[in-house]
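Trainee: Structure below; questions to follow.
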Amino acid sequence: MIARVPPDPGRAAFLKTLTLTTVNILFDDMTAQVRVPVLVRYRYEVQSVTSAGCFDGTDKVLTAQPLVLELEPYADGQRKTPAALGMLNFFPVLRHLPVFSRMLRELDGAFLGLNKELQSNIGEHEEQAAEKEGDVRDYLDAYLLAQRQRAGTDSTFTSFQLLVSVRDLFLAGSHTVMTTLRWGLLFLLKYPHVLRKVQAEIDDVIGRGRLPCIADQDNMPYTRATIAEVQRVADIVPLSVPHRTTIEFQLGGYVIPVGTAIIANLTAILNDPKHFSEPEKFRPERHLDERGDFVQNEALIPFSIGRRVCLGETLAKVELFIFFTSILQNFDIRLPDGVTDPSMDGNLGVVWMANPYLLHCVARQ
Ligand code: HEM
């Protein structure tokens, strides 16, 4: 059920294997439901490329599933907590109010569950420790080896640090990509002319005889532009992640003291008409020049701004391209009968999520 990490993973081979295997899994699941409306929500999240990268390709990664399932009810609206949870990020003082503290306790419970599962994976890796770099199978092996090599020094490679690093990668890497993908399919349902153009480009450049690979994107400006536009409009991390100043400095005539929380308003930039004309419109063409080549707009900052941007930006872009193209190469997506204008409503939790929606997923002939 998970992507397998090759024995000696060069970066390219590693990404290729991870993404392609994961896509196959997505297909199995989707094919099983051909002609039945599929509820698009967080069910695929357990196939997170990140988590697969953290383990060794055994089924153990699936044991991380419970946390995903704990968070999933936020997405399908069964428990109405997410917006409030997002607010805590910016107004931590709210944690003292009963409604918020209850939510935090629930979240803590989910974290403890995930910690336990991760800890057990780490324990298994410790038992079969890699003796040298050539034996390293994955991130856990690499970290544990580095930790042993630094034993007796005041190294920052600690067991606790390993746990939180893997947990961060798992959480930051899975929710975000799947949320973007979910928005992306929704936008394509709403704007079928874009879907047709992307599929035409896929057929033209990749055909049906093989799965897409990342090198294809150089020849697929319209698809890249569509993904860029999905990221702009979906705007899944509207206020990024709060930062805090470590020194006093001046900005625009104001003195910003040490310890001030700084919040980057990504939404304002992603919707600024100075950078994106008619920003309310979903228009992939805005990311193309007059020759039809893809143009990277500097104001397109879904991964945040400044030095400390998203650590997984490169991986996320690879995943988004491979997932989008692989799905659309092999499937037609359509609105269920009777639905003409899908709701674009979302829900703000850790990220801005599209509400669950139905689509028909039909294998392309
Ligand atoms: C579409 C996908 C993604 C989006 C939109 C996204 C967005 C972001 C944003 C806005 C931040 C906050 C940066 C800041 O502090 O200013 C962030 C941080 C982070 N992201 Fe992502 N991310 C995505 C995918 C990923 C993936 C695939 C990974 C993992 C491999 C990942 C790992 C992280 C980590 C570890 C941080 C914290 C970095 C730090 O604090 O230094 N992200 N991401």
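Chain labels follow the order of the structure tokens: the first chain is A, the next B, and so on; residue numbering restarts at 1 in every chain, and ligands are counted from 1 in their shown order.
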Please report as CSV every residue of chain A lying within 7 Å of ligand 1, along with the nearest atom pair and their distance in Å (one decimal), using only C-alpha atoms and all ligand atoms.

Mentor:
```
residue,atom,partner,partner_atom_place_in_ligand_line,distance
A:Thr50,CA,ligand 1,30 (C),5.5
A:Asp168,CA,ligand 1,35 (C),5.6
A:Leu169,CA,ligand 1,29 (C),4.9
A:Ala172,CA,ligand 1,32 (C),4.6
A:Gly173,CA,ligand 1,26 (C),3.4
A:Ser174,CA,ligand 1,27 (C),6.3
A:Thr176,CA,ligand 1,2 (C),4.5
A:Val177,CA,ligand 1,2 (C),4.3
A:Thr180,CA,ligand 1,1 (C),5.6
A:Ile236,CA,ligand 1,5 (C),6.0
A:Val237,CA,ligand 1,10 (C),5.3
A:Ser240,CA,ligand 1,10 (C),4.2
A:Val241,CA,ligand 1,12 (C),4.7
A:Pro242,CA,ligand 1,15 (O),6.7
A:His243,CA,ligand 1,15 (O),6.6
A:Pro302,CA,ligand 1,5 (C),5.0
A:Phe303,CA,ligand 1,7 (C),4.1
A:Ser304,CA,ligand 1,10 (C),4.3
A:Ile305,CA,ligand 1,16 (O),6.0
A:Arg308,CA,ligand 1,15 (O),5.4
A:Val309,CA,ligand 1,13 (C),4.2
A:Cys310,CA,ligand 1,17 (C),3.6
A:Leu311,CA,ligand 1,33 (C),4.5
A:Gly312,CA,ligand 1,28 (C),3.5
A:Glu313,CA,ligand 1,24 (C),5.7
A:Leu315,CA,ligand 1,27 (C),5.4
A:Ala316,CA,ligand 1,27 (C),4.2
A:Lys317,CA,ligand 1,1 (C),7.0
```

Trainee: Output as a list in words all residues of region 292-322 of chain A that backbone DSSP marks as alpha helix (DSSP H).

Mentor: Glu313, Thr314, Leu315, Ala316, Lys317, Val318, Glu319, Leu320, Phe321 and Ile322 of chain A

Trainee: Keeping only C-alpha atoms, write the selected residues as a compact mmCIF listing (two decimals), in the first residue's frame.

Mentor:
```txt
# COMPACT_ATOMS: atom_id res chain seq x y z
CA GLU A 313 8.53 23.29 -1.72
CA THR A 314 10.52 21.32 -4.29
CA LEU A 315 9.02 18.01 -3.30
CA ALA A 316 5.52 19.50 -3.19
CA LYS A 317 5.86 20.83 -6.74
CA VAL A 318 7.01 17.43 -7.98
CA GLU A 319 4.14 15.69 -6.24
CA LEU A 320 1.53 18.13 -7.51
CA PHE A 321 2.70 17.80 -11.10
CA ILE A 322 2.91 14.00 -11.02
```

Trainee: Record the distance separating CA of Phe331 (chain A) and CA of Pro192 (chain A), expressed in Å with one decimal.

Mentor: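 Interatomic distance, CA of Phe331 (chain A) to CA of Pro192 (chain A): 13.6 Å.
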
Trainee: Leaving out Ala354 (chain A) and any residue of its chain fewer than 2 positions from it, which residues lie within 7 Å of it when counting only C-alpha atoms, given as a PDB file with C-alpha atoms, in the first residue's frame?

Mentor:
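Listing of out_4.pdb after writing:
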```pdb
ATOM      1  CA  ARG A 182      -8.416  18.382  -3.815  1.00  0.00           C
ATOM      2  CA  TRP A 183      -8.869  22.072  -4.663  1.00  0.00           C
ATOM      3  CA  MET A 344     -16.199  26.346  -3.771  1.00  0.00           C
ATOM      4  CA  ASP A 345     -16.705  26.674  -0.038  1.00  0.00           C
ATOM      5  CA  GLY A 346     -13.897  25.771   2.253  1.00  0.00           C
ATOM      6  CA  ASN A 347     -13.057  25.321   5.864  1.00  0.00           C
ATOM      7  CA  TRP A 352      -7.791  26.094   4.069  1.00  0.00           C
ATOM      8  CA  PRO A 356     -15.862  17.367   0.687  1.00  0.00           C
TER       9      PRO A 356
END
```

Trainee: Extract, using only C-alpha atoms, all DNA, RNA and protein residues at most 12 Å from region 144-148 of chain A, discarding same-chain residues fewer than 6 positions from it, and format them as a list in words.

Mentor: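 So, after excluding close chain neighbours, the residues are Cys54, Ile122, Gly123, Glu124, His125, Glu126, Glu127, Gln128, Ala129, Ala130, Glu131, Lys132, Glu133, Gly134, Asp135, Val136, Arg137, Asp138, Asp154, Ser155, Thr156, Phe157, Thr158, Ser159, Phe160, Gln161, Leu162 and Leu163 of chain A.
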
Trainee: Which residues are near region 253-262 of chain A? Cut-off 6 Å, only C-alpha atoms, ignore same chain within fewer than 4 positions. Put them as a count of residues only.

Mentor: 8

Trainee: Please indicate the distance in Å from CA of Leu270 (chain A) to CA of Arg232 (chain A), rounded to one decimal place.

Mentor: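 Computing the Euclidean distance for CA of Leu270 (chain A) and CA of Arg232 (chain A) yields 5.8 Å.
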
Trainee: I need the strand (DSSP E) residues of region 179-354 of chain A per DSSP on the backbone, written as a list in words.

Mentor: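 Everything in region 179-354 of chain A that counts as strand (DSSP E) is His243, Arg244, Phe249, Gln250, Leu251, Tyr254, Val255, Ile256, Ala261, Ile262, Phe331, Asp332, Ile333, Arg334, Gly346, Asn347, Leu348, Trp352, Met353 and Ala354 of chain A.
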